[in-house]
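Engineer: Shown below is the structure under consideration.
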Amino acid sequence: MLAVASFSLSWAGGLMTNTNYHIAFDRMFARGATYQIDAAYSNPAGLAWTHEGWQLSFNWQSPHQNRDITTTFPLIQAMYGESTHKFHGKATAPFVPALFAVYKHDNWAISSMIGIVGSGGFVEYKEGVPMFNVLLGSMFASNGITPDQYKLDSQMKGKQYIYGGQLNFTYRFHENFSAAVGLRANYYDGYYQGHVIADQHPLFGELAKLQLDVDQKGWGFTPIVSVDYHNGPLTLGAKYEFRTKLDIPNTTNELTAGMGTGLVTYLGQTDAGKMVLQKIDAELGNKMKPYMDGEKTRYDMPSLLAVAAQYEFTPKLRAALEYHFFDDKHAKMSNDRQEKLKGGTHEVLAGIEYDINDMFTISAGGQRTDYGLSDEYQTNTSFACDSYSVGLGGAINLNKNLRLNVSYFCSIYSDYDVKTDNYLGTGTAGTDTYSRTNNVFGVGIDYKF
């Protein structure tokens, strides 16, 4: 009955990995062959060709998401007065910062990046989610208790941030070739909170009460290697991030689930009722175990292969293409959920940038994200939808050392329908339709000296 998996909130990139840290990404996307300051994340080897001396950058982004579940199930009419009901989830991360620093001298460079490298935000379902509400309502209905006989109070919310600090060393070993090695430390910080309370029944009072409050914190490390080829207008870049193991322990503040005493007494009067109680107790025990204090949950960040090409058609006009592969099938998840995926995540990115003059630059880009999803992978508390993203923006050179970046991008998601003849084990057909929206605004400052 209680099966919170992960409030996944990733807003650009793979299932557990973000790729947008610098505003240049938001306004162009394909940055895997750049040698500007944002290469500290997207193409560390490319920093062999960057500005001589110091560069610093501060970036701020504000993403806003809707994460909705529209449920079609016979009991929905009785519970909510409509044949289908949308459980609205709102995900916000009003302040998502990222810092970059690079120092280059002759053939070598040292760089660092600090940002939210995975997930990133807070999501809340003020009406709860169907996997709790409908399941509980179905259980009551099978015992003659209809939705008009009690009040249901349900809410679920979660936070999931993976903070990362990355350090790279870059060396140019040939006129046209360079390489880099790096390491990123990742700190997972999340929580799950929620309750489902069914009460005010005229005979039994409180029918059921489920409450969850679990904090999760832990560390993981990511080795990174990259290579770059630069020859005149052409730059080619490739980067590989190794899988990051995140095995996160619970700090459980509250974990309770049970039936009201009046209902337990009532059901206990018959053998059939006793069997119902035994089934509920067994199910609750299985569902509760992953959220007990000290239990660990896997949230591995998958390995990432990124390859990109950028070409400068003129000193003012440049374009880039990029490909990402996230090996999600080999990144451990809770209960080996990764095995339910059909494959890893594939992304194709493209962008173009034009310098209007020495002061103003404009750019635009697009990204296609294709997850290896399956019906079995999707859950109410952690689902994904394939998407197209488009972004645009520009840069203003305020003086020879200071640049202002601004951007906006949005993602257009494909709804995902999960239809089953045995919805939540009730033996009745039902459908969950998963849908998302995503909008991100960003601004950043680059400084070099």
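So you can find residues: chains in the structure tokens are A, B, ... in the order shown, residues in each start at 1, and ligands are numbered from 1 in order.
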Give me, as a list of chain:residue names, all polymer residues having an atom no more than 10 Å from Asn231 in chain A, counting only C-alpha atoms and skipping those fewer than 4 positions away in the same chain.
Structural biologist: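 With the cut-off at 10 Å, the set is A:Glu175, A:Asn176, A:Phe177, A:Thr235, A:Leu236, A:Tyr311.
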Engineer: Go ahead and save the picked residues with all heavy atoms, as a PDB file, in the first residue's frame.
Structural biologist:
```pdb
ATOM      1  N   GLU A 175      49.495  19.858 -31.152  1.00  0.00           N
ATOM      2  CA  GLU A 175      48.987  21.126 -31.691  1.00  0.00           C
ATOM      3  C   GLU A 175      47.469  21.139 -31.801  1.00  0.00           C
ATOM      4  O   GLU A 175      46.835  22.181 -31.607  1.00  0.00           O
ATOM      5  CB  GLU A 175      49.612  21.360 -33.079  1.00  0.00           C
ATOM      6  CG  GLU A 175      49.141  22.648 -33.738  1.00  0.00           C
ATOM      7  CD  GLU A 175      49.734  22.842 -35.122  1.00  0.00           C
ATOM      8  OE1 GLU A 175      50.515  21.948 -35.568  1.00  0.00           O
ATOM      9  OE2 GLU A 175      49.430  23.863 -35.772  1.00  0.00           O
ATOM     10  N   ASN A 176      46.876  19.960 -32.101  1.00  0.00           N
ATOM     11  CA  ASN A 176      45.430  19.903 -32.311  1.00  0.00           C
ATOM     12  C   ASN A 176      44.686  19.025 -31.304  1.00  0.00           C
ATOM     13  O   ASN A 176      43.454  18.930 -31.371  1.00  0.00           O
ATOM     14  CB  ASN A 176      45.117  19.373 -33.720  1.00  0.00           C
ATOM     15  CG  ASN A 176      45.749  20.194 -34.814  1.00  0.00           C
ATOM     16  OD1 ASN A 176      46.621  19.708 -35.542  1.00  0.00           O
ATOM     17  ND2 ASN A 176      45.349  21.452 -34.919  1.00  0.00           N
ATOM     18  N   PHE A 177      45.396  18.386 -30.377  1.00  0.00           N
ATOM     19  CA  PHE A 177      44.750  17.432 -29.477  1.00  0.00           C
ATOM     20  C   PHE A 177      44.996  17.794 -28.010  1.00  0.00           C
ATOM     21  O   PHE A 177      46.093  18.235 -27.644  1.00  0.00           O
ATOM     22  CB  PHE A 177      45.268  16.013 -29.717  1.00  0.00           C
ATOM     23  CG  PHE A 177      44.838  15.414 -31.025  1.00  0.00           C
ATOM     24  CD1 PHE A 177      45.661  15.502 -32.140  1.00  0.00           C
ATOM     25  CD2 PHE A 177      43.605  14.774 -31.149  1.00  0.00           C
ATOM     26  CE1 PHE A 177      45.277  14.955 -33.360  1.00  0.00           C
ATOM     27  CE2 PHE A 177      43.219  14.223 -32.355  1.00  0.00           C
ATOM     28  CZ  PHE A 177      44.043  14.316 -33.464  1.00  0.00           C
ATOM     29  N   THR A 235      35.898  21.939 -34.140  1.00  0.00           N
ATOM     30  CA  THR A 235      36.202  21.385 -32.825  1.00  0.00           C
ATOM     31  C   THR A 235      35.381  20.122 -32.617  1.00  0.00           C
ATOM     32  O   THR A 235      34.165  20.120 -32.834  1.00  0.00           O
ATOM     33  CB  THR A 235      35.893  22.388 -31.698  1.00  0.00           C
ATOM     34  OG1 THR A 235      36.605  23.599 -31.925  1.00  0.00           O
ATOM     35  CG2 THR A 235      36.284  21.813 -30.343  1.00  0.00           C
ATOM     36  N   LEU A 236      36.043  19.052 -32.191  1.00  0.00           N
ATOM     37  CA  LEU A 236      35.384  17.792 -31.861  1.00  0.00           C
ATOM     38  C   LEU A 236      35.659  17.472 -30.399  1.00  0.00           C
ATOM     39  O   LEU A 236      36.808  17.572 -29.945  1.00  0.00           O
ATOM     40  CB  LEU A 236      35.891  16.652 -32.743  1.00  0.00           C
ATOM     41  CG  LEU A 236      35.794  16.852 -34.258  1.00  0.00           C
ATOM     42  CD1 LEU A 236      36.448  15.669 -34.978  1.00  0.00           C
ATOM     43  CD2 LEU A 236      34.341  16.999 -34.693  1.00  0.00           C
ATOM     44  N   TYR A 311      31.300  23.785 -35.540  1.00  0.00           N
ATOM     45  CA  TYR A 311      31.983  24.352 -36.715  1.00  0.00           C
ATOM     46  C   TYR A 311      31.656  25.842 -36.811  1.00  0.00           C
ATOM     47  O   TYR A 311      30.480  26.237 -36.692  1.00  0.00           O
ATOM     48  CB  TYR A 311      31.548  23.652 -37.999  1.00  0.00           C
ATOM     49  CG  TYR A 311      32.419  23.986 -39.181  1.00  0.00           C
ATOM     50  CD1 TYR A 311      33.641  23.340 -39.365  1.00  0.00           C
ATOM     51  CD2 TYR A 311      32.038  24.963 -40.093  1.00  0.00           C
ATOM     52  CE1 TYR A 311      34.462  23.654 -40.432  1.00  0.00           C
ATOM     53  CE2 TYR A 311      32.850  25.283 -41.173  1.00  0.00           C
ATOM     54  CZ  TYR A 311      34.062  24.627 -41.341  1.00  0.00           C
ATOM     55  OH  TYR A 311      34.870  24.945 -42.406  1.00  0.00           O
TER      56      TYR A 311
END
```
Engineer: Within 7 Å of range 339-346 of chain A, counting only C-alpha atoms, which residues qualify if same-chain residues fewer than 2 places away don't, as a ChimeraX atom specification?
Structural biologist: /A:14,324-329,336-337,348,369-374,376-377
Engineer: List as a list of chain:residue names the protein and nucleic acid residues near Thr71 in chain A, meaning an atom at most 7 Å away when only C-alpha atoms are counted, but skip any in the same chain fewer than 2 places from it.
Structural biologist: A:Ile69, A:Phe73, A:Thr84, A:His85, A:Lys86, A:Thr431, A:Asp432, A:Thr433
Engineer: What is the distance, in Å and to one decimal place, between CA of Lys400 in chain A and CA of Lys316 in chain A?
Structural biologist: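 Pair CA of Lys400 in chain A / CA of Lys316 in chain A returns 16.6 Å.
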Engineer: DSSP says alpha helix (DSSP H) for which residues of range 160-400 of chain A? Put them as a ChimeraX atom specification?
Structural biologist: /A:261-267,271-288
Engineer: Ranking A:His201, A:Thr261, A:Ser334, A:Phe87 by minimum distance to Pro290 in chain A and counting only C-alpha atoms, which one comes first?
Structural biologist: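 Nearest candidate to Pro290 in chain A out of A:His201, A:Thr261, A:Ser334, A:Phe87: A:Ser334.
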Engineer: Pick out the closest residue to Phe140 in chain A from this set: A:Lys126, A:Gln216, A:Gln36, A:Leu277. Count only C-alpha atoms.
Structural biologist: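 Among the listed residues, A:Leu277 lies closest to Phe140 in chain A.
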Engineer: Need to verify the contact set: Thr170 in chain A, 8 Å, only C-alpha atoms, exclusion of same-chain residues closer than 4 positions in sequence. Can you return it as an MDAnalysis selection string?
Structural biologist: chainID A and resid 44:45 47:48 108:110 178:181
Engineer: Any chance you can output those residues with N, CA and C atoms as a JSON list (two decimals), in the first residue's frame?
Structural biologist:
```
[["chain", "number", "residue", "atom", "x", "y", "z"],
["A", 44, "PRO", "N", 35.67, 19.41, -20.76],
["A", 44, "PRO", "CA", 36.87, 19.87, -20.05],
["A", 44, "PRO", "C", 38.13, 19.89, -20.90],
["A", 45, "ALA", "N", 38.28, 18.92, -21.81],
["A", 45, "ALA", "CA", 39.48, 18.90, -22.65],
["A", 45, "ALA", "C", 39.55, 20.11, -23.56],
["A", 47, "LEU", "N", 39.13, 23.10, -22.87],
["A", 47, "LEU", "CA", 39.68, 24.29, -22.22],
["A", 47, "LEU", "C", 41.14, 24.54, -22.56],
["A", 48, "ALA", "N", 41.75, 23.61, -23.27],
["A", 48, "ALA", "CA", 43.11, 23.86, -23.78],
["A", 48, "ALA", "C", 43.14, 25.02, -24.76],
["A", 108, "TRP", "N", 48.13, 23.96, -20.43],
["A", 108, "TRP", "CA", 47.34, 23.27, -19.42],
["A", 108, "TRP", "C", 46.30, 24.20, -18.81],
["A", 109, "ALA", "N", 45.29, 23.57, -18.20],
["A", 109, "ALA", "CA", 44.23, 24.33, -17.55],
["A", 109, "ALA", "C", 43.69, 23.53, -16.38],
["A", 110, "ILE", "N", 43.27, 24.25, -15.36],
["A", 110, "ILE", "CA", 42.56, 23.67, -14.22],
["A", 110, "ILE", "C", 41.19, 24.31, -14.15],
["A", 178, "SER", "N", 43.97, 17.55, -27.20],
["A", 178, "SER", "CA", 44.09, 17.74, -25.76],
["A", 178, "SER", "C", 43.27, 16.67, -25.05],
["A", 179, "ALA", "N", 43.52, 16.52, -23.77],
["A", 179, "ALA", "CA", 42.78, 15.55, -22.95],
["A", 179, "ALA", "C", 42.60, 16.12, -21.56],
["A", 180, "ALA", "N", 41.64, 15.57, -20.83],
["A", 180, "ALA", "CA", 41.38, 16.02, -19.47],
["A", 180, "ALA", "C", 40.92, 14.85, -18.62],
["A", 181, "VAL", "N", 41.24, 14.93, -17.35],
["A", 181, "VAL", "CA", 40.72, 13.99, -16.36],
["A", 181, "VAL", "C", 40.09, 14.80, -15.24]]
```
Engineer: Compare A:Val264, A:Ala78, A:Ile197, A:Ala319 by their minimum atom-to-atom distance to Pro233 in chain A, counting only C-alpha atoms, and give me the closest one.
Structural biologist: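 Among A:Val264, A:Ala78, A:Ile197, A:Ala319, it is A:Ala319 that comes nearest to Pro233 in chain A.
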Engineer: Using only C-alpha atoms, which protein or nucleic acid residues come within 12 Å of Lys296 in chain A? Drop anything in the same chain fewer than 3 positions from it, and give the result as a VMD selection string.
Structural biologist: chain A and resid 214 to 218 246 to 252 289 to 293 299 333 to 335
